[in-house]
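*Asks:* After the structure tokens below, expect a handful of questions from me.
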Amino acid sequence: MCVKNSFNTLPAGFPAGHVVSAEGGRGRPVMWVSEQAGPDIQRWWEPMFDDHPQTGLYPLLLDESLDIDLLGTAPTADVIERVPGDQLIREYFDFSGNGWPGFAPAQRLAVHPGYAAARLASEGADTARLALVPSVRGADTPALIGWTGAMDYTWDVEKISAVLRTWEDRFGVRVVRLGGTTLELSVAAPPSTITEARRITLEHAGFCPSIWQEEVALNSYATGLVKRSAWRFQWA
């Protein structure tokens, strides 16, 4: 699939919107964003997701908490490509002094990734705006728009996308919704046993250490991951 860095091919009747640049408008154009929010806008998510292989435009739902004027530096896909998928997680465990057994093995798809993504997109508040990001991979979109939601943990958003790439490949994850400090992912191949879920919990900890803020224990968190079709993260 070839990414088209143009928004001139949007379908007839598409909602009004504008192109947004990174770094508060000082950087390069990174996405198209709808002017309005609400259910009529969100209905466009699924057809644009289905058309992504042809258009090269990956749809995101932007929570009302996300301020597009606060977008930071937006690394390119080439920069993301050079980041090892496990770098962010290894740095976390190296800093904590705890060992990490490495990535959990890939899981078998329970449903088609597109089905899981559409189901998540239809849930939750209907106050989101629609964004379209020129990107081959949905995993790259947080970095490509210069998202700063995890900046209390890392300023290097390309490390976030590098982890997401591995989750796309191993768990059928798709990026669906972004907020000011939140990220929602659909999961088409969730863990089916507590043993598998414990390994994935360690990955979540290295990706978003805030999962421990409410005194959550490893086993209780892992139990909540078994067969769960969505992962939600919030950075403090």
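Labeling convention for the structure tokens: chains A, B, ... as they appear, residues from 1 per chain, ligands from 1 in order of appearance.
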Kindly assemble as a Markdown table a list of the segment 33-101 of chain A residues that lie within 12 Å of segment 208-227 of chain A, each paired with its nearest atom pair and their distance in Å to one decimal, using only C-alpha atoms, sorted first by chain and then by ascending residue number.

*Replies:*
| residue | atom | partner | partner_atom | distance |
| --- | --- | --- | --- | --- |
| A:Leu88 | CA | A:Cys208 | CA | 9.7 |
| A:Ile89 | CA | A:Cys208 | CA | 9.0 |
| A:Glu91 | CA | A:Pro209 | CA | 11.8 |
| A:Tyr92 | CA | A:Pro209 | CA | 8.5 |
| A:Phe93 | CA | A:Pro209 | CA | 10.6 |
| A:Ser96 | CA | A:Pro209 | CA | 11.0 |

*Asks:* Fewer than 3 positions away in the same chain doesn't count, so skip those; otherwise give me all residues within 8 Å of Gly179 of chain A, counting only C-alpha atoms, as a list of chain:residue names.

*Replies:*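 Result of the neighbour search: A:Leu62, A:Asp63, A:Glu64, A:Ser65, A:Leu66, A:Gly149, A:Thr182, A:Leu183.
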
*Asks:* Give me a file of those residues, with N, CA and C atoms, as a tab-separated table (two decimals), in the first residue's frame.

*Replies:*
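Below you can see out_18.tsv, which holds the result:
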chain	number	residue	atom	x	y	z
A	62	LEU	N	-10.66	10.94	17.89
A	62	LEU	CA	-9.95	11.82	18.81
A	62	LEU	C	-10.88	12.24	19.93
A	63	ASP	N	-10.54	11.84	21.13
A	63	ASP	CA	-11.32	12.21	22.31
A	63	ASP	C	-11.29	13.73	22.49
A	64	GLU	N	-12.34	14.26	23.11
A	64	GLU	CA	-12.42	15.70	23.31
A	64	GLU	C	-11.31	16.24	24.21
A	65	SER	N	-10.64	15.35	24.95
A	65	SER	CA	-9.55	15.80	25.83
A	65	SER	C	-8.26	16.07	25.06
A	66	LEU	N	-8.19	15.68	23.79
A	66	LEU	CA	-6.96	15.87	23.03
A	66	LEU	C	-6.96	17.27	22.40
A	149	GLY	N	0.65	12.39	24.54
A	149	GLY	CA	-0.10	11.86	25.67
A	149	GLY	C	0.71	11.07	26.67
A	182	THR	N	-4.70	9.40	26.88
A	182	THR	CA	-5.26	8.05	26.81
A	182	THR	C	-5.10	7.45	25.41
A	183	LEU	N	-5.07	6.13	25.38
A	183	LEU	CA	-4.95	5.37	24.14
A	183	LEU	C	-5.81	4.13	24.26

*Asks:* Would you mind telling me which residue in A:Leu144, A:Met48, A:Ala118, A:Ala131 lies nearest to Val33 of chain A when using only C-alpha atoms?

*Replies:*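 Ranking A:Leu144, A:Met48, A:Ala118, A:Ala131 by distance to Val33 of chain A, first place goes to A:Ala131.
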
*Asks:* Determine, counting only C-alpha atoms, which protein, DNA and RNA residues have an atom within 10 Å of an atom of Gly72 of chain A; residues of the same chain fewer than 6 positions away are not included. Present the result as a PyMOL selection string.

*Replies:* chain A and resi 21-27+143-149+151+155+157

*Asks:* The selected residues should be written to file as a compact mmCIF listing (two decimals), in the first residue's frame (atoms: N, CA and C atoms).

*Replies:*
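See result-v8.txt below for the written result:
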# COMPACT_ATOMS: atom_id res chain seq x y z
N SER A 21 -1.19 20.56 11.32
CA SER A 21 0.25 20.37 11.32
C SER A 21 0.76 20.14 12.73
N ALA A 22 1.85 19.42 12.84
CA ALA A 22 2.44 19.14 14.15
C ALA A 22 3.07 20.39 14.74
N GLU A 23 3.48 20.28 15.99
CA GLU A 23 4.17 21.36 16.71
C GLU A 23 3.36 22.65 16.70
N GLY A 24 2.07 22.52 17.01
CA GLY A 24 1.22 23.71 17.10
C GLY A 24 1.07 24.45 15.79
N GLY A 25 1.16 23.74 14.68
CA GLY A 25 1.03 24.36 13.37
C GLY A 25 2.34 24.73 12.74
N ARG A 26 3.45 24.56 13.46
CA ARG A 26 4.76 24.96 12.93
C ARG A 26 5.43 23.83 12.16
N GLY A 27 4.96 22.60 12.39
CA GLY A 27 5.58 21.45 11.74
C GLY A 27 4.91 21.08 10.43
N ALA A 143 2.82 8.39 16.74
CA ALA A 143 4.09 9.08 16.47
C ALA A 143 3.98 10.04 15.29
N LEU A 144 3.30 9.62 14.24
CA LEU A 144 3.24 10.43 13.02
C LEU A 144 2.51 11.75 13.22
N ILE A 145 1.63 11.83 14.21
CA ILE A 145 0.94 13.10 14.46
C ILE A 145 1.62 13.90 15.57
N GLY A 146 2.64 13.34 16.19
CA GLY A 146 3.32 14.05 17.28
C GLY A 146 2.54 14.04 18.57
N TRP A 147 1.82 12.93 18.83
CA TRP A 147 1.02 12.81 20.05
C TRP A 147 1.90 12.90 21.29
N THR A 148 1.45 13.67 22.27
CA THR A 148 2.25 13.90 23.49
C THR A 148 1.59 13.30 24.72
N GLY A 149 0.65 12.39 24.54
CA GLY A 149 -0.10 11.86 25.67
C GLY A 149 0.71 11.07 26.67
N MET A 151 3.91 11.81 27.46
CA MET A 151 5.15 12.55 27.70
C MET A 151 5.58 12.55 29.16
N TRP A 155 9.27 11.16 26.17
CA TRP A 155 9.10 12.17 25.12
C TRP A 155 9.26 11.56 23.74
N VAL A 157 7.92 9.56 21.30
CA VAL A 157 6.68 8.88 20.94
C VAL A 157 6.91 7.78 19.91

*Asks:* Please indicate the distance in Å from atom CA of Ala117 of chain A to atom CA of Val20 of chain A, rounded to one decimal place.

*Replies:*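 Calculated distance between atom CA of Ala117 of chain A and atom CA of Val20 of chain A is 24.3 Å.
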
*Asks:* Please determine, counting only C-alpha atoms, which residue among A:Gly102, A:Gly114, A:Pro59, A:Gly124 has the shortest atom-to-atom distance to Val136 of chain A.

*Replies:*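 Nearest candidate to Val136 of chain A out of A:Gly102, A:Gly114, A:Pro59, A:Gly124: A:Pro59.
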
*Asks:* Residues at most 8 Å from Ala116 of chain A, counting only C-alpha atoms, excluding those fewer than 3 positions away in the same chain, as a ChimeraX atom specification?

*Replies:* /A:111-113,119-120,186-188,229

*Asks:* Keeping only C-alpha atoms, write the selected residues as an mmCIF file, in the first residue's frame.

*Replies:*
data_model
loop_
_atom_site.group_PDB
_atom_site.id
_atom_site.type_symbol
_atom_site.label_atom_id
_atom_site.label_comp_id
_atom_site.auth_asym_id
_atom_site.auth_seq_id
_atom_site.Cartn_x
_atom_site.Cartn_y
_atom_site.Cartn_z
ATOM 1 C CA VAL A 111 -11.826 -12.504 15.434
ATOM 2 C CA HIS A 112 -10.800 -10.485 12.397
ATOM 3 C CA PRO A 113 -8.820 -7.369 13.482
ATOM 4 C CA ARG A 119 -16.692 -2.931 17.694
ATOM 5 C CA LEU A 120 -14.463 -0.736 19.867
ATOM 6 C CA SER A 186 -8.777 -3.169 19.880
ATOM 7 C CA VAL A 187 -7.341 -6.655 20.385
ATOM 8 C CA ALA A 188 -8.242 -9.432 17.960
ATOM 9 C CA SER A 229 -10.965 -7.452 23.252
#

*Asks:* Select, from A:Leu130, A:Ala139, A:Val173, A:Ile194, the residue with the minimum atom-to-atom distance to Ile80 of chain A, counting only C-alpha atoms.

*Replies:*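 Once distances to Ile80 of chain A are computed over only C-alpha atoms, the minimum belongs to A:Ala139.
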